[in-house]
file entry-v6.txt (compact mmCIF, C-alpha atoms)
# COMPACT_ATOMS: atom_id res chain seq x y z
CA MET A 1304 -39.43 54.84 28.45
CA ALA A 1305 -39.02 58.34 29.88
CA SER A 1306 -36.67 59.19 27.01
CA VAL A 1307 -39.46 58.43 24.53
CA PHE A 1308 -41.70 61.07 26.08
CA VAL A 1309 -38.84 63.58 26.18
CA LEU A 1310 -38.21 63.01 22.46
CA LYS A 1311 -41.92 63.42 21.80
CA ALA A 1312 -41.84 66.83 23.51
CA LEU A 1313 -38.68 67.90 21.69
CA MET A 1314 -39.52 66.47 18.26
CA PRO A 1315 -43.31 66.21 18.04
CA ASP A 1316 -43.25 66.19 14.23
CA ALA A 1317 -40.89 63.20 13.93
CA VAL A 1318 -42.21 60.48 11.64
CA VAL A 1319 -42.16 57.86 14.39
CA PHE A 1320 -44.70 59.85 16.42
CA HIS A 1321 -47.08 60.03 13.48
CA ASP A 1322 -46.83 56.50 12.12
CA VAL A 1323 -45.85 54.29 15.08
CA LEU A 1324 -46.04 56.01 18.47
CA THR A 1325 -49.22 57.97 17.92
CA GLU A 1326 -50.85 60.07 20.65
CA SER A 1327 -53.27 57.31 21.63
CA ARG A 1328 -50.55 54.64 21.68
CA LEU A 1329 -48.24 56.82 23.78
CA LEU A 1330 -51.08 57.50 26.20
CA ARG A 1331 -51.74 53.79 26.62
CA LEU A 1332 -48.04 52.91 26.80
CA GLY A 1333 -47.36 55.58 29.40
CA GLY A 1334 -50.30 54.49 31.54
CA ALA A 1335 -49.26 50.83 31.38
CA THR A 1336 -45.64 51.69 32.26
CA LYS A 1337 -46.60 53.79 35.28
CA LEU A 1338 -48.99 51.10 36.50
CA PHE A 1339 -46.27 48.45 36.16
CA TYR A 1340 -43.75 50.46 38.19
CA LEU A 1341 -46.30 51.29 40.90
CA GLY A 1342 -47.42 47.68 41.16
CA LEU A 1343 -43.81 46.60 41.42
CA ALA A 1344 -43.11 49.24 44.09
CA TRP A 1345 -46.10 48.02 46.15
CA TRP A 1346 -44.94 44.40 45.85
CA ILE A 1347 -41.38 45.25 46.94
CA ALA A 1348 -42.60 47.32 49.90
CA THR A 1349 -44.97 44.52 50.94
CA ARG A 1350 -42.21 41.92 50.79
CA THR A 1351 -39.88 44.21 52.73
CA ALA A 1352 -42.47 44.80 55.45
CA ALA A 1353 -43.09 41.05 55.74
CA ALA A 1354 -39.36 40.40 56.12
CA VAL A 1355 -38.97 42.82 59.03
CA ASP A 1356 -39.07 41.13 62.44
CA PRO A 1357 -42.44 41.69 64.19
CA SER A 1358 -40.65 43.25 67.16
CA ASN A 1359 -38.82 45.73 64.95
CA PRO A 1360 -40.42 49.23 65.20
CA THR A 1361 -39.89 49.81 61.46
CA ARG A 1362 -42.32 47.01 60.53
CA ARG A 1363 -45.48 49.13 60.91
CA PRO A 1364 -44.14 52.11 58.91
CA TRP A 1365 -43.14 49.74 56.13
CA HIS A 1366 -46.70 48.41 56.03
CA TRP A 1367 -47.99 52.00 55.84
CA LEU A 1368 -45.60 52.65 52.97
CA ALA A 1369 -46.86 49.56 51.17
CA TYR A 1370 -50.50 50.63 51.65
CA GLY A 1371 -49.70 54.10 50.33
CA LEU A 1372 -48.09 52.65 47.22
CA LEU A 1373 -51.09 50.35 46.80
CA CYS A 1374 -53.35 53.42 46.79
CA PHE A 1375 -51.15 55.00 44.12
CA ALA A 1376 -51.32 51.80 42.07
CA ALA A 1377 -55.11 51.67 42.44
CA GLY A 1378 -55.43 55.27 41.28
CA GLN A 1379 -53.18 54.61 38.31
CA ALA A 1380 -55.11 51.42 37.49
CA ILE A 1381 -58.29 53.46 37.20
CA LEU A 1382 -56.59 56.04 34.98
CA SER A 1383 -54.96 53.34 32.85
CA THR A 1384 -58.32 51.64 32.38
CA TYR A 1385 -59.81 54.85 31.03
CA GLN A 1386 -56.77 55.38 28.79
CA VAL A 1387 -56.64 51.84 27.41
CA VAL A 1388 -60.38 51.45 26.86
CA TRP A 1389 -61.39 54.97 25.83
CA GLY A 1390 -58.06 56.59 24.98
CA ASP A 1391 -58.63 59.42 27.46
CA SER A 1392 -59.40 59.96 31.15
CA PRO A 1393 -61.66 62.42 32.97
CA TYR A 1394 -60.37 64.93 35.46
CA PRO A 1395 -61.15 64.72 38.29
CA SER A 1396 -61.61 60.97 38.15
CA PRO A 1397 -62.32 58.22 40.71
CA GLY A 1398 -58.57 57.56 40.65
CA ASP A 1399 -57.94 60.86 42.41
CA VAL A 1400 -59.61 59.48 45.55
CA PHE A 1401 -56.89 56.82 45.79
CA PHE A 1402 -54.06 59.19 44.87
CA LEU A 1403 -55.09 61.59 47.62
CA ALA A 1404 -55.54 58.75 50.13
CA ALA A 1405 -51.97 57.61 49.49
CA TYR A 1406 -50.30 60.75 50.84
CA PRO A 1407 -51.31 60.49 54.54
CA LEU A 1408 -50.08 56.89 54.53
CA LEU A 1409 -46.75 57.76 52.91
CA ILE A 1410 -46.19 60.76 55.19
CA ALA A 1411 -47.06 58.70 58.29
CA ALA A 1412 -44.71 55.94 57.10
CA CYS A 1413 -41.78 58.35 56.73
CA PHE A 1414 -42.29 59.94 60.14
CA GLY A 1415 -42.76 56.46 61.62
CA LEU A 1416 -39.41 55.39 60.21
CA ILE A 1417 -37.74 58.48 61.68
CA ARG A 1418 -39.16 57.60 65.10
CA ALA A 1419 -38.20 53.95 64.72
CA TYR A 1420 -34.61 54.78 63.80
CA ARG A 1421 -34.33 57.02 66.86
CA ASP A 1422 -35.80 54.33 69.15
CA ALA A 1423 -33.38 51.79 67.72
CA GLY A 1424 -30.43 53.92 68.80
CA TYR A 1425 -29.15 54.95 65.37
CA PRO A 1426 -27.19 58.24 65.15
CA VAL A 1427 -30.17 60.16 63.81
CA GLY A 1428 -29.25 63.58 65.18
CA SER A 1429 -31.12 65.70 67.69
CA THR A 1430 -34.81 66.57 67.64
CA SER A 1431 -33.96 70.27 67.41
CA GLU A 1432 -31.86 69.58 64.32
CA HIS A 1433 -34.77 67.78 62.65
CA VAL A 1434 -37.19 70.53 63.62
CA GLY A 1435 -34.83 73.13 62.19
CA LEU A 1436 -34.46 71.22 58.94
CA ALA A 1437 -38.22 70.74 58.70
CA GLY A 1438 -38.77 74.45 59.39
CA VAL A 1439 -36.36 75.57 56.68
CA ALA A 1440 -37.85 73.09 54.20
CA ALA A 1441 -41.42 74.11 55.05
CA ALA A 1442 -40.62 77.82 54.65
CA SER A 1443 -38.87 77.20 51.33
CA PHE A 1444 -41.69 75.01 50.02
CA THR A 1445 -44.31 77.54 51.16
CA TRP A 1446 -42.58 80.32 49.23
CA LEU A 1447 -42.07 78.13 46.17
CA GLY A 1448 -45.59 76.76 46.34
CA PHE A 1449 -47.13 80.23 46.51
CA ARG A 1450 -45.12 81.41 43.50
CA LEU A 1451 -45.99 78.35 41.43
CA LEU A 1452 -49.54 77.59 42.52
CA HIS A 1453 -51.07 81.04 42.96
CA PRO A 1454 -51.81 81.34 39.20
CA ILE A 1455 -53.59 77.98 39.36
CA LEU A 1456 -55.79 78.79 42.34
CA SER A 1457 -56.66 82.24 41.01
CA GLY A 1458 -57.08 81.14 37.40
CA PRO A 1459 -60.20 80.24 35.45
CA GLY A 1460 -61.97 76.90 35.60
CA ARG A 1461 -64.00 75.00 38.14
CA LEU A 1462 -63.01 75.53 41.77
CA LEU A 1463 -62.83 71.79 42.51
CA GLU A 1464 -60.50 71.22 39.58
CA ARG A 1465 -58.22 74.13 40.53
CA VAL A 1466 -58.02 73.08 44.18
CA LEU A 1467 -57.34 69.45 43.26
CA THR A 1468 -54.66 70.44 40.76
CA ALA A 1469 -52.87 72.54 43.39
CA SER A 1470 -53.33 69.94 46.15
CA TYR A 1471 -50.95 67.41 44.61
CA PRO A 1472 -47.83 69.64 44.61
CA ILE A 1473 -48.69 70.80 48.14
CA LEU A 1474 -48.90 67.21 49.36
CA ASP A 1475 -45.65 66.44 47.55
CA PHE A 1476 -43.96 69.28 49.44
CA VAL A 1477 -45.27 67.92 52.75
CA LEU A 1478 -43.97 64.43 51.87
CA LEU A 1479 -40.57 65.86 50.95
CA ILE A 1480 -40.03 67.15 54.51
CA PRO A 1481 -39.72 63.73 56.26
CA ILE A 1482 -37.87 62.36 53.23
CA LEU A 1483 -35.26 65.12 53.66
CA ILE A 1484 -34.96 64.29 57.37
CA LEU A 1485 -34.49 60.60 56.52
CA LEU A 1486 -31.82 61.56 54.00
CA ARG A 1487 -30.11 63.64 56.68
CA ILE A 1488 -30.18 60.61 58.98
CA ALA A 1489 -28.73 58.47 56.20
CA THR A 1490 -25.77 60.83 55.75
CA GLY A 1491 -24.29 59.08 58.77
CA PHE A 1492 -23.99 56.08 56.47
CA ARG A 1493 -22.68 58.04 53.47
CA GLY A 1494 -21.05 55.80 50.93
CA GLY A 1495 -23.21 52.87 52.02
CA ARG A 1496 -26.43 51.44 50.67
CA ILE A 1497 -28.63 53.11 53.30
CA PHE A 1498 -27.71 56.55 51.99
CA THR A 1499 -28.13 55.38 48.38
CA ALA A 1500 -31.54 53.92 49.17
CA TRP A 1501 -32.92 57.11 50.70
CA ALA A 1502 -31.25 59.36 48.13
CA THR A 1503 -32.89 57.35 45.35
CA LEU A 1504 -36.29 57.55 47.03
CA LEU A 1505 -35.79 61.30 47.46
CA ALA A 1506 -35.08 61.60 43.74
CA GLY A 1507 -38.33 59.76 43.05
CA ILE A 1508 -40.40 62.09 45.24
CA VAL A 1509 -38.69 65.14 43.69
CA CYS A 1510 -39.60 63.87 40.21
CA LEU A 1511 -43.16 63.20 41.39
CA CYS A 1512 -43.38 66.75 42.70
CA ALA A 1513 -41.96 68.09 39.43
CA GLY A 1514 -44.52 66.08 37.46
CA ASP A 1515 -47.42 67.42 39.53
CA ILE A 1516 -46.17 71.00 39.22
CA LEU A 1517 -45.58 70.67 35.48
CA TYR A 1518 -49.03 69.18 35.02
CA ALA A 1519 -50.61 71.99 37.01
CA TYR A 1520 -48.66 74.68 35.17
CA PHE A 1521 -49.19 73.30 31.67
CA ALA A 1522 -52.88 72.75 32.39
CA VAL A 1523 -53.28 76.43 33.29
CA MET A 1524 -51.19 77.55 30.32
CA GLY A 1525 -53.08 75.22 28.01
CA GLN A 1526 -49.86 73.83 26.51
CA GLN A 1527 -51.00 70.28 25.85
CA GLY A 1528 -48.05 69.64 23.55
CA LEU A 1529 -45.82 69.53 26.63
CA ASP A 1530 -47.76 66.64 28.20
CA PRO A 1531 -44.99 64.15 27.23
CA LEU A 1532 -42.62 65.98 29.62
CA VAL A 1533 -45.13 65.42 32.41
CA ASP A 1534 -45.33 61.72 31.56
CA ALA A 1535 -41.54 61.49 31.50
CA THR A 1536 -41.22 62.93 35.02
CA TYR A 1537 -43.84 60.50 36.37
CA VAL A 1538 -42.13 57.51 34.76
CA LEU A 1539 -38.78 58.63 36.21
CA ALA A 1540 -40.40 59.19 39.62
CA TYR A 1541 -41.80 55.68 39.83
CA LEU A 1542 -38.58 54.18 38.45
CA PHE A 1543 -36.55 55.92 41.18
CA VAL A 1544 -39.04 54.75 43.83
CA VAL A 1545 -38.68 51.16 42.64
CA SER A 1546 -34.88 51.45 42.62
CA GLY A 1547 -34.82 52.90 46.14
CA LEU A 1548 -37.13 50.21 47.46
CA LEU A 1549 -34.96 47.52 45.90
CA GLU A 1550 -31.99 48.96 47.78
CA HIS A 1551 -33.96 48.83 51.04
CA ARG A 1552 -35.08 45.28 50.35
CA ALA A 1553 -31.49 44.22 49.79
CA LEU A 1554 -30.46 45.85 53.09
CA ILE A 1555 -33.17 44.04 55.02
CA GLY A 1556 -32.57 40.78 53.18
CA ALA A 1557 -36.14 40.36 52.00
call {"tool": "encode", "arguments": {"input": "entry-v6.txt", "output": "structure tokens"}}
result
Amino acid sequence: MASVFVLKALMPDAVVFHDVLTESRLLRLGGATKLFYLGLAWWIATRTAAAVDPSNPTRRPWHWLAYGLLCFAAGQAILSTYQVVWGDSPYPSPGDVFFLAAYPLLIAACFGLIRAYRDAGYPVGSTSEHVGLAGVAAASFTWLGFRLLHPILSGPGRLLERVLTASYPILDFVLLIPILILLRIATGFRGGRIFTAWATLLAGIVCLCAGDILYAYFAVMGQQGLDPLVDATYVLAYLFVVSGLLEHRALIGA
């Protein structure tokens, strides 16, 4: 599915995009695909959380992760409804309330898993090591975020829209910090499925961040013809998230 949007961006004048996969059909297809992947991700996370023993400290973070994905799915459901029924969606929309609500849950889930792994006695590394990694990541993301998002915040348009557009990449950067720590923890299991599971989830969050940054940048530049690239990164993001969750579910035996 992602390849379709990439081809649309590279070859917008191809016959197939005029006669078969028109703009409105691609919009509806992309919305339905993203909603399917997010719904599947929520279901997998819910099943995984239910399979964890109640005494296991990772059970609560897995529930938080499932709730965060449910918020993402709810936000996408609202957007998809607009796209399927009216062929377009407003911005900001009611879906943004759910998208924004998802981030605190996902961030709390990741930090909860870090704490749970440490309490369980896994070789997670020292606290100072994690703080150092988080500090380097935060400094790097702050520099990158300023370079990429300053034109958005200082650009034209309504203040609410500019702040909201910049908020998503910022929240993605914050979410990336505990994901990187979890990946560092998983390096102790390199070559195994634990490392693969977290590396795949990291790839999903990176693609999500890329999609939010591309959307923000193209919106400011007014290059609507590049929207298919944004859709492709979102589809890849949710596909990676589903794949990573499937790996975790297999590890837990859900």
call {"tool": "closest_residue", "arguments": {"input": "entry-v6.txt", "among": "A:Leu1332, A:Leu1474, A:Ile1508, A:Ala1513", "to": "A:Tyr1541", "atoms": "only C-alpha atoms"}}
result
A:Ile1508
call {"tool": "closest_residue", "arguments": {"input": "entry-v6.txt", "among": "A:Cys1512, A:Leu1532, A:Leu1463, A:Ile1417", "to": "A:Phe1444", "atoms": "all atoms listed in the file"}}
result
A:Cys1512
call {"tool": "atom_distance", "arguments": {"input": "entry-v6.txt", "atom1": "atom CA of A:Phe1339", "atom2": "atom CA of A:Ala1376"}}
result
8.5 Å
call {"tool": "closest_residue", "arguments": {"input": "entry-v6.txt", "among": "A:Ala1411, A:Val1388, A:Ala1335, A:Val1466", "to": "A:Gly1371", "atoms": "only C-alpha atoms"}}
result
A:Ala1411
call {"tool": "atom_distance", "arguments": {"input": "entry-v6.txt", "atom1": "atom CA of A:Ala1553", "atom2": "atom CA of A:Thr1536"}}
result
25.7 Å
call {"tool": "residues_around", "arguments": {"input": "entry-v6.txt", "residues": "A:Val1509", "least_positions_apart": "5", "cutoff": "12 Å", "atoms": "only C-alpha atoms", "output": "PyMOL selection string"}}
result
chain A and resi 1472+1474-1480+1482-1483+1502-1504+1514-1516+1536-1537+1539-1541+1543-1544
call {"tool": "atom_distance", "arguments": {"input": "entry-v6.txt", "atom1": "atom CA of A:Thr1499", "atom2": "atom CA of A:Pro1481"}}
result
16.3 Å
call {"tool": "closest_residue", "arguments": {"input": "entry-v6.txt", "among": "A:Ile1473, A:Leu1549, A:Glu1464, A:Pro1357", "to": "A:Gly1448", "atoms": "all atoms listed in the file"}}
result
A:Ile1473
call {"tool": "closest_residue", "arguments": {"input": "entry-v6.txt", "among": "A:Gly1378, A:Pro1395, A:Pro1407, A:Gly1438", "to": "A:Gly1342", "atoms": "only C-alpha atoms"}}
result
A:Gly1378
call {"tool": "closest_residue", "arguments": {"input": "entry-v6.txt", "among": "A:Leu1452, A:Val1533, A:Val1545, A:Ala1405", "to": "A:Leu1467", "atoms": "all atoms listed in the file"}}
result
A:Leu1452
